[in-house]
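> Enclosed is the structure file work_25.txt (compact mmCIF, C-alpha atoms).
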# COMPACT_ATOMS: atom_id res chain seq x y z
CA MET A 1 0.00 0.00 0.00
CA ILE A 2 1.53 3.28 -1.16
CA THR A 3 1.88 5.73 1.73
CA VAL A 4 4.34 8.31 0.38
CA LYS A 5 5.19 9.95 -2.92
CA ALA A 6 8.09 12.27 -2.21
CA ALA A 7 8.83 15.48 -4.12
CA PRO A 8 10.67 14.86 -7.41
CA ASN A 9 14.44 15.28 -7.60
CA PRO A 10 16.56 16.17 -10.66
CA SER A 11 17.98 13.18 -12.51
CA GLU A 12 20.35 13.03 -15.48
CA THR A 13 18.85 9.72 -16.62
CA TYR A 14 15.12 10.35 -16.07
CA GLY A 15 14.74 14.11 -15.79
CA GLU A 16 13.13 13.65 -12.41
CA THR A 17 12.98 10.75 -9.99
CA VAL A 18 10.49 10.09 -7.22
CA CYS A 19 11.02 8.11 -4.04
CA VAL A 20 7.98 6.10 -2.95
CA ALA A 21 7.44 4.59 0.49
CA ALA A 22 4.90 1.88 1.16
CA LEU A 23 3.79 -0.80 3.55
CA SER A 24 4.41 -4.32 2.34
CA LEU A 25 1.30 -6.45 2.68
CA ASP A 26 3.28 -9.66 2.18
CA LEU A 27 2.43 -11.72 5.27
CA ASN A 28 5.89 -13.32 5.13
CA LYS A 29 7.67 -9.96 5.15
CA PRO A 30 5.41 -7.11 6.27
CA GLY A 31 6.64 -3.61 7.03
CA TRP A 32 8.13 -0.53 5.45
CA ILE A 33 9.67 -0.52 1.98
CA ARG A 34 11.25 2.22 -0.14
CA LEU A 35 10.91 2.05 -3.94
CA TYR A 36 13.54 4.05 -5.84
CA PRO A 37 14.22 5.27 -8.44
CA ILE A 38 10.86 5.83 -10.12
CA ASN A 39 10.54 8.04 -13.19
CA PHE A 40 6.99 8.97 -12.27
CA ARG A 41 6.21 11.37 -15.10
CA GLU A 42 6.76 8.62 -17.68
CA LEU A 43 4.74 5.85 -16.06
CA ASP A 44 2.00 4.71 -18.40
CA GLY A 45 -1.63 5.59 -17.70
CA ASP A 46 -2.94 2.83 -15.44
CA SER A 47 0.43 2.55 -13.70
CA LYS A 48 0.28 6.10 -12.37
CA PHE A 49 -0.61 5.13 -8.87
CA LYS A 50 -1.87 7.38 -6.09
CA LYS A 51 -1.23 7.40 -2.37
CA TYR A 52 -3.13 4.60 -0.62
CA ASP A 53 -3.34 2.53 -3.78
CA ILE A 54 -2.56 -1.14 -3.30
CA VAL A 55 -0.18 -2.13 -6.09
CA LEU A 56 1.68 -5.18 -7.32
CA VAL A 57 5.26 -4.51 -8.46
CA ASP A 58 8.37 -6.48 -9.34
CA ALA A 59 11.29 -5.23 -7.26
CA LYS A 60 14.61 -6.44 -5.90
CA PRO A 61 16.71 -5.29 -2.94
CA ASN A 62 18.78 -2.22 -3.77
CA THR A 63 22.31 -3.48 -3.18
CA SER A 64 23.78 0.01 -3.59
CA ASP A 65 21.75 1.31 -0.63
CA PRO A 66 22.62 0.07 2.89
CA ARG A 67 19.12 0.84 4.16
CA ALA A 68 17.29 -2.47 4.49
CA GLU A 69 13.94 -1.04 3.35
CA SER A 70 15.28 0.05 -0.07
CA TRP A 71 14.20 -1.81 -3.20
CA ARG A 72 14.66 -1.10 -6.91
CA PRO A 73 11.33 -1.47 -8.76
CA ARG A 74 10.89 -2.40 -12.39
CA ALA A 75 9.02 0.67 -13.58
CA ASP A 76 6.87 -1.11 -16.16
CA SER A 77 5.66 -3.72 -13.65
CA PHE A 78 3.34 -1.58 -11.51
CA VAL A 79 -0.25 -2.84 -11.45
CA VAL A 80 -2.83 -0.94 -9.41
CA GLU A 81 -5.22 -3.34 -7.68
CA THR A 82 -7.43 -1.02 -5.65
CA GLN A 83 -7.58 2.28 -3.80
CA VAL A 84 -7.99 2.23 -0.01
CA LYS A 85 -10.57 4.95 0.56
CA GLY A 86 -11.40 6.73 3.79
CA TRP A 87 -9.22 7.35 6.83
CA ASP A 88 -10.74 4.51 8.88
CA ARG A 89 -9.75 1.90 6.29
CA ARG A 90 -6.32 3.45 5.72
CA MET A 91 -5.55 3.64 9.42
CA SER A 92 -6.41 -0.04 9.83
CA TYR A 93 -3.20 -0.65 7.85
CA VAL A 94 -1.12 2.18 9.35
CA ASP A 95 -2.04 2.09 13.07
CA ASP A 96 0.28 -0.80 13.97
CA TYR A 97 3.27 1.12 12.60
CA VAL A 98 2.73 4.45 14.37
CA GLU A 99 5.45 5.38 16.90
CA GLU A 100 5.88 8.26 19.30
CA SER A 101 9.65 8.86 19.59
CA MET A 102 11.53 10.48 16.76
CA CYS A 103 14.50 10.72 19.13
CA ASP A 104 14.70 6.91 19.42
CA LEU A 105 14.76 6.57 15.63
CA ILE A 106 17.63 9.07 15.29
CA ASN A 107 19.58 7.51 18.16
CA ALA A 108 19.27 4.06 16.57
CA VAL A 109 20.72 5.35 13.28
CA ARG A 110 23.48 7.17 15.14
CA ASP A 111 24.52 3.89 16.76
CA ARG A 112 24.02 1.81 13.62
CA PRO A 113 23.75 3.65 10.23
CA SER A 114 21.86 0.71 8.69
CA ALA A 115 19.09 0.91 11.32
CA ARG A 116 15.49 1.47 10.27
CA SER A 117 15.09 4.46 7.99
CA LEU A 118 11.30 4.82 7.60
CA ALA A 119 8.61 5.38 10.23
CA ALA A 120 5.29 7.00 11.09
CA ILE A 121 5.72 9.38 14.03
CA ARG A 122 2.89 10.85 16.10
CA PRO A 123 4.27 14.14 17.54
CA ARG A 124 3.44 15.27 21.05
CA GLU A 125 3.26 18.92 20.01
CA ILE A 126 3.54 20.56 16.58
CA LEU A 127 5.10 23.95 17.15
CA LYS A 128 5.53 25.62 13.80
CA LEU A 129 5.27 25.52 10.02
CA ASP A 130 8.11 27.48 8.42
CA ILE A 131 7.72 28.49 4.75
CA ARG A 132 10.65 30.05 2.88
CA PRO A 133 11.59 30.75 -0.76
CA HIS A 134 13.21 27.85 -2.57
CA PRO A 135 16.81 28.81 -3.41
CA GLY A 136 16.66 27.01 -6.76
CA TRP A 137 18.58 23.95 -7.86
CA THR A 138 22.18 23.55 -6.78
CA PRO A 139 24.80 23.68 -9.58
CA GLU A 140 25.06 19.87 -9.39
CA GLU A 141 21.27 19.45 -9.67
CA GLN A 142 21.05 21.95 -12.54
CA ALA A 143 23.83 20.13 -14.40
CA LYS A 144 21.84 16.88 -14.17
CA ILE A 145 18.76 18.64 -15.57
CA ASP A 146 20.75 20.24 -18.40
CA ARG A 147 22.33 16.94 -19.41
CA TYR A 148 18.91 15.23 -19.39
CA VAL A 149 17.31 17.92 -21.57
CA GLN A 150 20.18 17.82 -24.05
CA GLN A 151 20.14 14.03 -24.43
CA LEU A 152 18.40 12.44 -27.40
CA ASP A 153 16.44 9.22 -27.12
CA LEU A 154 14.84 7.25 -29.93
CA LEU A 155 11.68 6.91 -27.84
CA ASP A 156 11.26 10.65 -27.26
CA THR A 157 8.19 12.08 -28.99
CA GLY A 158 9.10 15.73 -28.38
CA PRO A 159 11.54 18.03 -26.63
CA ARG A 160 12.47 17.02 -23.11
CA THR A 161 11.27 19.43 -20.45
CA ALA A 162 13.31 20.59 -17.48
CA LEU A 163 12.14 19.99 -13.92
CA GLN A 164 11.25 23.36 -12.41
CA ALA A 165 12.07 24.11 -8.81
CA PRO A 166 9.04 25.04 -6.67
CA ARG A 167 8.79 28.58 -5.35
CA PHE A 168 8.76 27.56 -1.69
CA LYS A 169 10.19 25.01 0.72
CA ALA A 170 8.67 24.24 4.11
CA TRP A 171 9.64 22.72 7.46
CA TYR A 172 7.77 21.39 10.47
CA GLN A 173 9.09 21.98 13.95
CA TYR A 174 7.68 19.63 16.57
CA ARG A 175 8.34 17.83 19.81
CA CYS A 176 8.06 14.04 19.99
CA HIS A 177 7.06 12.01 23.04
CA SER A 178 10.62 11.33 24.21
CA ALA A 179 11.11 12.79 27.69
CA THR A 180 14.37 14.42 26.61
CA CYS A 181 13.19 15.75 23.23
CA THR A 182 14.50 19.23 22.46
CA THR A 183 12.34 19.48 19.29
CA HIS A 184 12.84 18.39 15.68
CA ARG A 185 12.91 20.62 12.61
CA GLN A 186 12.38 18.58 9.46
CA GLY A 187 11.94 19.61 5.85
CA ILE A 188 8.71 18.66 4.07
CA TYR A 189 9.42 16.62 0.94
CA ASP A 190 5.82 15.63 0.25
CA TRP A 191 4.76 15.43 -3.40
CA GLU A 192 1.61 17.34 -2.40
CA LEU A 193 3.66 20.42 -1.46
CA VAL A 194 5.12 20.61 -4.96
CA ALA A 195 1.84 19.69 -6.67
CA LEU A 196 0.01 22.47 -4.84
CA GLN A 197 2.52 25.02 -6.09
CA ARG A 198 2.30 23.70 -9.66
CA ARG A 199 -1.47 23.92 -9.56
CA PHE A 200 -1.60 27.55 -8.47
CA THR A 201 1.09 29.22 -10.54
CA ASP A 202 -1.20 32.23 -10.99
CA ARG A 203 -0.98 33.16 -7.29
CA ASP A 204 1.51 35.74 -6.10
CA ASP A 205 4.02 34.72 -3.44
CA GLU A 206 1.89 35.76 -0.48
CA GLY A 207 -1.18 34.09 -1.92
CA LEU A 208 0.72 30.85 -2.54
CA LYS A 209 2.22 30.88 0.96
CA GLN A 210 -1.28 31.28 2.36
CA LEU A 211 -2.52 28.24 0.38
CA ILE A 212 0.40 26.16 1.69
CA ARG A 213 -0.33 27.27 5.25
CA GLU A 214 -4.05 26.52 4.90
CA LYS A 215 -3.35 22.95 3.80
CA PHE A 216 -0.20 21.95 5.71
CA TRP A 217 -1.01 23.79 8.95
CA ASP A 218 -4.67 24.79 9.27
CA MET A 219 -6.01 21.49 7.90
CA MET A 220 -3.32 18.84 8.45
CA CYS A 221 -2.31 20.07 11.91
CA SER A 222 -5.76 21.11 13.13
CA PRO A 223 -6.48 20.32 16.82
CA ASN A 224 -9.21 17.90 15.75
CA ARG A 225 -6.77 15.88 13.61
CA ASP A 226 -4.64 12.96 14.74
CA THR A 227 -1.59 14.26 12.87
CA ILE A 228 1.15 11.73 12.07
CA PHE A 229 4.31 12.33 10.04
CA TYR A 230 5.73 9.78 7.62
CA VAL A 231 9.48 10.29 8.00
CA GLY A 232 12.53 8.89 6.26
CA ASN A 233 16.24 9.56 6.22
CA GLN A 234 18.62 10.28 3.37
CA GLN A 235 21.16 7.73 2.19
CA ALA A 236 24.01 10.27 2.21
CA HIS A 237 22.96 11.67 5.60
CA PRO A 238 21.39 8.81 7.60
CA ARG A 239 20.91 10.93 10.75
CA SER A 240 18.97 13.54 8.79
CA PHE A 241 15.27 12.66 8.66
CA ILE A 242 12.68 14.52 6.59
CA VAL A 243 8.87 14.57 6.50
CA LEU A 244 7.80 12.56 3.45
CA GLY A 245 4.07 12.88 4.02
CA VAL A 246 1.36 13.63 6.56
CA VAL A 247 -1.45 11.47 7.90
CA TYR A 248 -4.29 13.54 9.33
CA PRO A 249 -7.44 11.55 10.17
CA GLU A 250 -9.88 12.89 12.72
CA ARG A 251 -8.80 12.11 16.26
CA PRO A 252 -9.84 8.57 17.31
CA THR A 253 -12.62 9.81 19.62
CA LEU A 254 -14.15 11.57 16.64
CA ARG A 255 -13.47 8.77 14.19
CA SER A 256 -15.26 6.25 16.41
CA ARG A 257 -18.47 8.26 16.16
CA SER A 258 -18.64 8.11 12.38
Can you dump the structure from the file as structure tokens?

Amino acid sequence: MITVKAAPNPSETYGETVCVAALSLDLNKPGWIRLYPINFRELDGDSKFKKYDIVLVDAKPNTSDPRAESWRPRADSFVVETQVKGWDRRMSYVDDYVEESMCDLINAVRDRPSARSLAAIRPREILKLDIRPHPGWTPEEQAKIDRYVQQLDLLDTGPRTALQAPRFKAWYQYRCHSATCTTHRQGIYDWELVALQRRFTDRDDEGLKQLIREKFWDMMCSPNRDTIFYVGNQQAHPRSFIVLGVVYPERPTLRSRS
């Protein structure tokens, strides 16, 4: 079951790659998995899966990535079986994996870099949403984009388009349930943050920042929501975790009434 589609990153080979996190429903090996790389913009029609789709996919362990959850998918093998609709049904899959200590996750990686790299964290207190201008691609990222656009491929049906950087980046600051937590500040790398900005290109900067705040703070972090962060670390910086997505069902006392 797909739980995360992360924001796209520049790629020399694909133009843009997307990291996908999911929960394996294989009874012999349940738990978190990471599927990467995925050239999402070029997936064929029915294979363009959404979050909370249950999919079948051929994949093998990613031997170049020390994180145990990492698998390399065969892009043309995705088959969407069904969509899990409604928070109650989705949470029946997710609830068993929700944890309360981000500090424990970081400490485990500090002691052993190959420790678990994906989790769902329920914060004790969400303190702040910070929205700032995106600085643009780094020279290394821009070079990858330029090389991709300039390449020719027999299968191309038109000019290759460059991946545009979004106008804004955002971070959550929160406190987890660890007694010694001094707060966490983690960047938001959710596909939805980029998609929102692509959808409202006509808004000025203040208007776009307000739309981001309305969705990622007013709605997702509302007091009546049981807000949970999907988090994952980066292969090059295993102690650095980021927010890959947000779960925001109504709080259990409210959900039980529906």
> Select, from A:Leu196, A:Ile54, A:Ala119, A:Ile242, the residue with the minimum atom-to-atom distance to A:Arg90, counting all atoms listed in the file.
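Nearest candidate to A:Arg90 out of A:Leu196, A:Ile54, A:Ala119, A:Ile242: A:Ile54.
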> Using all atoms listed in the file, can you tell me which of A:Phe229, A:Tyr248, A:Tyr36, A:Tyr172 comes closest to A:Ile126?
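Of A:Phe229, A:Tyr248, A:Tyr36, A:Tyr172, the one nearest A:Ile126 is A:Tyr172, counting all atoms listed in the file.
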> Please write out, as AutoDock Vina command-line options, where the centre of an axis-aligned box around all listed atoms of stretch 244-253 of chain A lies and how long its edges are, in Å to one decimal, after adding 5 Å on each side.

--center_x -2.4 --center_y 11.1 --center_z 11.5 --size_x 30.4 --size_y 15.1 --size_z 26.2
> May I ask for the distance between atom CA of A:Lys128 and atom CA of A:Ile106, given in Å to one decimal place?
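Straight-line distance from atom CA of A:Lys128 to atom CA of A:Ile106 works out to 20.6 Å.
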> Compile the contact shell of A:Trp137 as a PyMOL selection string: residues with an atom at most 10 Å away, counting only C-alpha atoms, same-chain residues fewer than 6 positions apart removed.
chain A and resi 9-10+143+145+163-166
> List the spatial neighbours of A:Tyr52 as a list of chain:residue names - criterion: any atom at most 9 Å away, only C-alpha atoms, same-chain residues fewer than 6 positions off excluded.
A:Met1, A:Ile2, A:Thr3, A:Val4, A:Ala22, A:Thr82, A:Gln83, A:Val84, A:Lys85, A:Arg90
> Have a look at A:Gln234, A:Gln173, A:Ser114, A:Ser240 and name the one nearest to A:Ala68; count all atoms listed in the file.
A:Ser114
> What gap, in Å, lies between atom CA of A:Arg175 and atom CA of A:Ile188?
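According to the coordinates, atom CA of A:Arg175 and atom CA of A:Ile188 are separated by 15.8 Å.
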> Just give me the residues with any atom within 12 Å of (18.4, 21.7, 7.5), file coordinates, counting only C-alpha atoms, written as a CSV table (one decimal) with C-alpha atoms, in the coordinates of the input.

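Resulting contents of out_8.csv:
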chain,number,residue,atom,x,y,z
A,130,ASP,CA,8.1,27.5,8.4
A,169,LYS,CA,10.2,25.0,0.7
A,170,ALA,CA,8.7,24.2,4.1
A,171,TRP,CA,9.6,22.7,7.5
A,172,TYR,CA,7.8,21.4,10.5
A,173,GLN,CA,9.1,22.0,14.0
A,184,HIS,CA,12.8,18.4,15.7
A,185,ARG,CA,12.9,20.6,12.6
A,186,GLN,CA,12.4,18.6,9.5
A,187,GLY,CA,11.9,19.6,5.8
A,188,ILE,CA,8.7,18.7,4.1
A,237,HIS,CA,23.0,11.7,5.6
A,239,ARG,CA,20.9,10.9,10.8
A,240,SER,CA,19.0,13.5,8.8
A,241,PHE,CA,15.3,12.7,8.7
A,242,ILE,CA,12.7,14.5,6.6
A,243,VAL,CA,8.9,14.6,6.5
> Determine the nearest neighbour of A:Ile131 from the options A:Trp32, A:Trp191, A:Phe216, A:Tyr97, counting only C-alpha atoms.
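Closest to A:Ile131 of all the choices is A:Phe216.
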> Have a look at A:Arg67, A:Lys5, A:His177, A:Arg41 and name the one nearest to A:Asp190; count all atoms listed in the file.
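Looking at the shortest contact to A:Asp190, the residue is A:Lys5.
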> Which value, in Å to one decimal, gives the distance between atom CA of A:Val98 and atom CA of A:Phe168?
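Here the two named atoms are 28.8 Å from each other.
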> Just checking: using only C-alpha atoms, which residue out of A:Ile121, A:Ala236, A:Ile212, A:Leu193 ends up closest to A:Ala6?
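For A:Ala6, the nearest of the candidates is A:Leu193.
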> Kindly add N, CA and C atoms to the incomplete stretch 50-85 of chain A and provide the output as a short mmCIF file (atom, residue, chain, number, x, y, z; two decimals), keeping the file's coordinate frame.

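Produced file part-v9.cif, reproduced below:
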data_model
loop_
_atom_site.label_atom_id
_atom_site.label_comp_id
_atom_site.auth_asym_id
_atom_site.auth_seq_id
_atom_site.Cartn_x
_atom_site.Cartn_y
_atom_site.Cartn_z
N LYS A 50 -1.65 6.30 -7.05
CA LYS A 50 -1.87 7.38 -6.09
C LYS A 50 -1.53 6.87 -4.69
N LYS A 51 -1.42 7.81 -3.76
CA LYS A 51 -1.23 7.40 -2.37
C LYS A 51 -2.43 6.57 -1.93
N TYR A 52 -2.15 5.54 -1.16
CA TYR A 52 -3.13 4.60 -0.62
C TYR A 52 -3.73 3.69 -1.69
N ASP A 53 -3.06 3.61 -2.84
CA ASP A 53 -3.34 2.53 -3.78
C ASP A 53 -2.62 1.28 -3.31
N ILE A 54 -3.25 0.13 -3.49
CA ILE A 54 -2.56 -1.14 -3.30
C ILE A 54 -2.07 -1.60 -4.67
N VAL A 55 -0.77 -1.81 -4.79
CA VAL A 55 -0.18 -2.13 -6.09
C VAL A 55 0.63 -3.42 -6.01
N LEU A 56 0.74 -4.07 -7.15
CA LEU A 56 1.68 -5.18 -7.32
C LEU A 56 2.86 -4.63 -8.12
N VAL A 57 4.08 -5.01 -7.74
CA VAL A 57 5.26 -4.51 -8.46
C VAL A 57 6.39 -5.52 -8.32
N ASP A 58 7.16 -5.67 -9.39
CA ASP A 58 8.37 -6.48 -9.34
C ASP A 58 9.50 -5.59 -8.85
N ALA A 59 10.20 -6.02 -7.82
CA ALA A 59 11.29 -5.23 -7.26
C ALA A 59 12.32 -6.17 -6.66
N LYS A 60 13.53 -5.67 -6.53
CA LYS A 60 14.61 -6.44 -5.90
C LYS A 60 15.35 -5.54 -4.93
N PRO A 61 15.97 -6.11 -3.90
CA PRO A 61 16.71 -5.29 -2.94
C PRO A 61 17.73 -4.40 -3.64
N ASN A 62 17.84 -3.16 -3.19
CA ASN A 62 18.78 -2.22 -3.77
C ASN A 62 20.14 -2.42 -3.10
N THR A 63 21.02 -3.13 -3.77
CA THR A 63 22.31 -3.48 -3.18
C THR A 63 23.24 -2.29 -3.04
N SER A 64 22.94 -1.18 -3.70
CA SER A 64 23.78 0.01 -3.59
C SER A 64 23.35 0.92 -2.44
N ASP A 65 22.29 0.51 -1.73
CA ASP A 65 21.75 1.31 -0.63
C ASP A 65 21.79 0.45 0.64
N PRO A 66 22.51 0.90 1.67
CA PRO A 66 22.62 0.07 2.89
C PRO A 66 21.34 0.00 3.71
N ARG A 67 20.36 0.84 3.39
CA ARG A 67 19.12 0.84 4.16
C ARG A 67 18.29 -0.39 3.76
N ALA A 68 17.93 -1.18 4.76
CA ALA A 68 17.29 -2.47 4.49
C ALA A 68 15.95 -2.34 3.78
N GLU A 69 15.28 -1.20 3.94
CA GLU A 69 13.94 -1.04 3.35
C GLU A 69 13.98 -0.71 1.86
N SER A 70 15.17 -0.47 1.30
CA SER A 70 15.28 0.05 -0.07
C SER A 70 15.25 -1.06 -1.12
N TRP A 71 14.36 -0.88 -2.08
CA TRP A 71 14.20 -1.81 -3.20
C TRP A 71 14.20 -1.04 -4.51
N ARG A 72 14.70 -1.68 -5.56
CA ARG A 72 14.66 -1.10 -6.91
C ARG A 72 13.49 -1.72 -7.67
N PRO A 73 12.49 -0.92 -8.03
CA PRO A 73 11.33 -1.47 -8.76
C PRO A 73 11.58 -1.52 -10.27
N ARG A 74 10.91 -2.42 -10.93
CA ARG A 74 10.89 -2.40 -12.39
C ARG A 74 9.71 -1.52 -12.80
N ALA A 75 10.02 -0.38 -13.39
CA ALA A 75 9.02 0.67 -13.58
C ALA A 75 7.80 0.20 -14.36
N ASP A 76 8.00 -0.70 -15.32
CA ASP A 76 6.87 -1.11 -16.16
C ASP A 76 6.05 -2.24 -15.53
N SER A 77 6.35 -2.58 -14.26
CA SER A 77 5.66 -3.72 -13.65
C SER A 77 4.55 -3.32 -12.70
N PHE A 78 4.36 -2.02 -12.46
CA PHE A 78 3.34 -1.58 -11.51
C PHE A 78 1.93 -1.92 -12.01
N VAL A 79 1.16 -2.56 -11.15
CA VAL A 79 -0.25 -2.84 -11.45
C VAL A 79 -1.07 -2.37 -10.25
N VAL A 80 -1.98 -1.45 -10.48
CA VAL A 80 -2.83 -0.94 -9.41
C VAL A 80 -4.00 -1.90 -9.21
N GLU A 81 -4.14 -2.41 -7.98
CA GLU A 81 -5.22 -3.34 -7.68
C GLU A 81 -6.46 -2.63 -7.17
N THR A 82 -6.28 -1.72 -6.22
CA THR A 82 -7.43 -1.02 -5.65
C THR A 82 -6.95 0.21 -4.90
N GLN A 83 -7.86 1.10 -4.60
CA GLN A 83 -7.58 2.28 -3.80
C GLN A 83 -8.23 2.09 -2.43
N VAL A 84 -7.45 2.32 -1.37
CA VAL A 84 -7.99 2.23 -0.01
C VAL A 84 -8.58 3.60 0.33
N LYS A 85 -9.90 3.66 0.38
CA LYS A 85 -10.57 4.95 0.56
C LYS A 85 -11.03 5.15 2.00
#
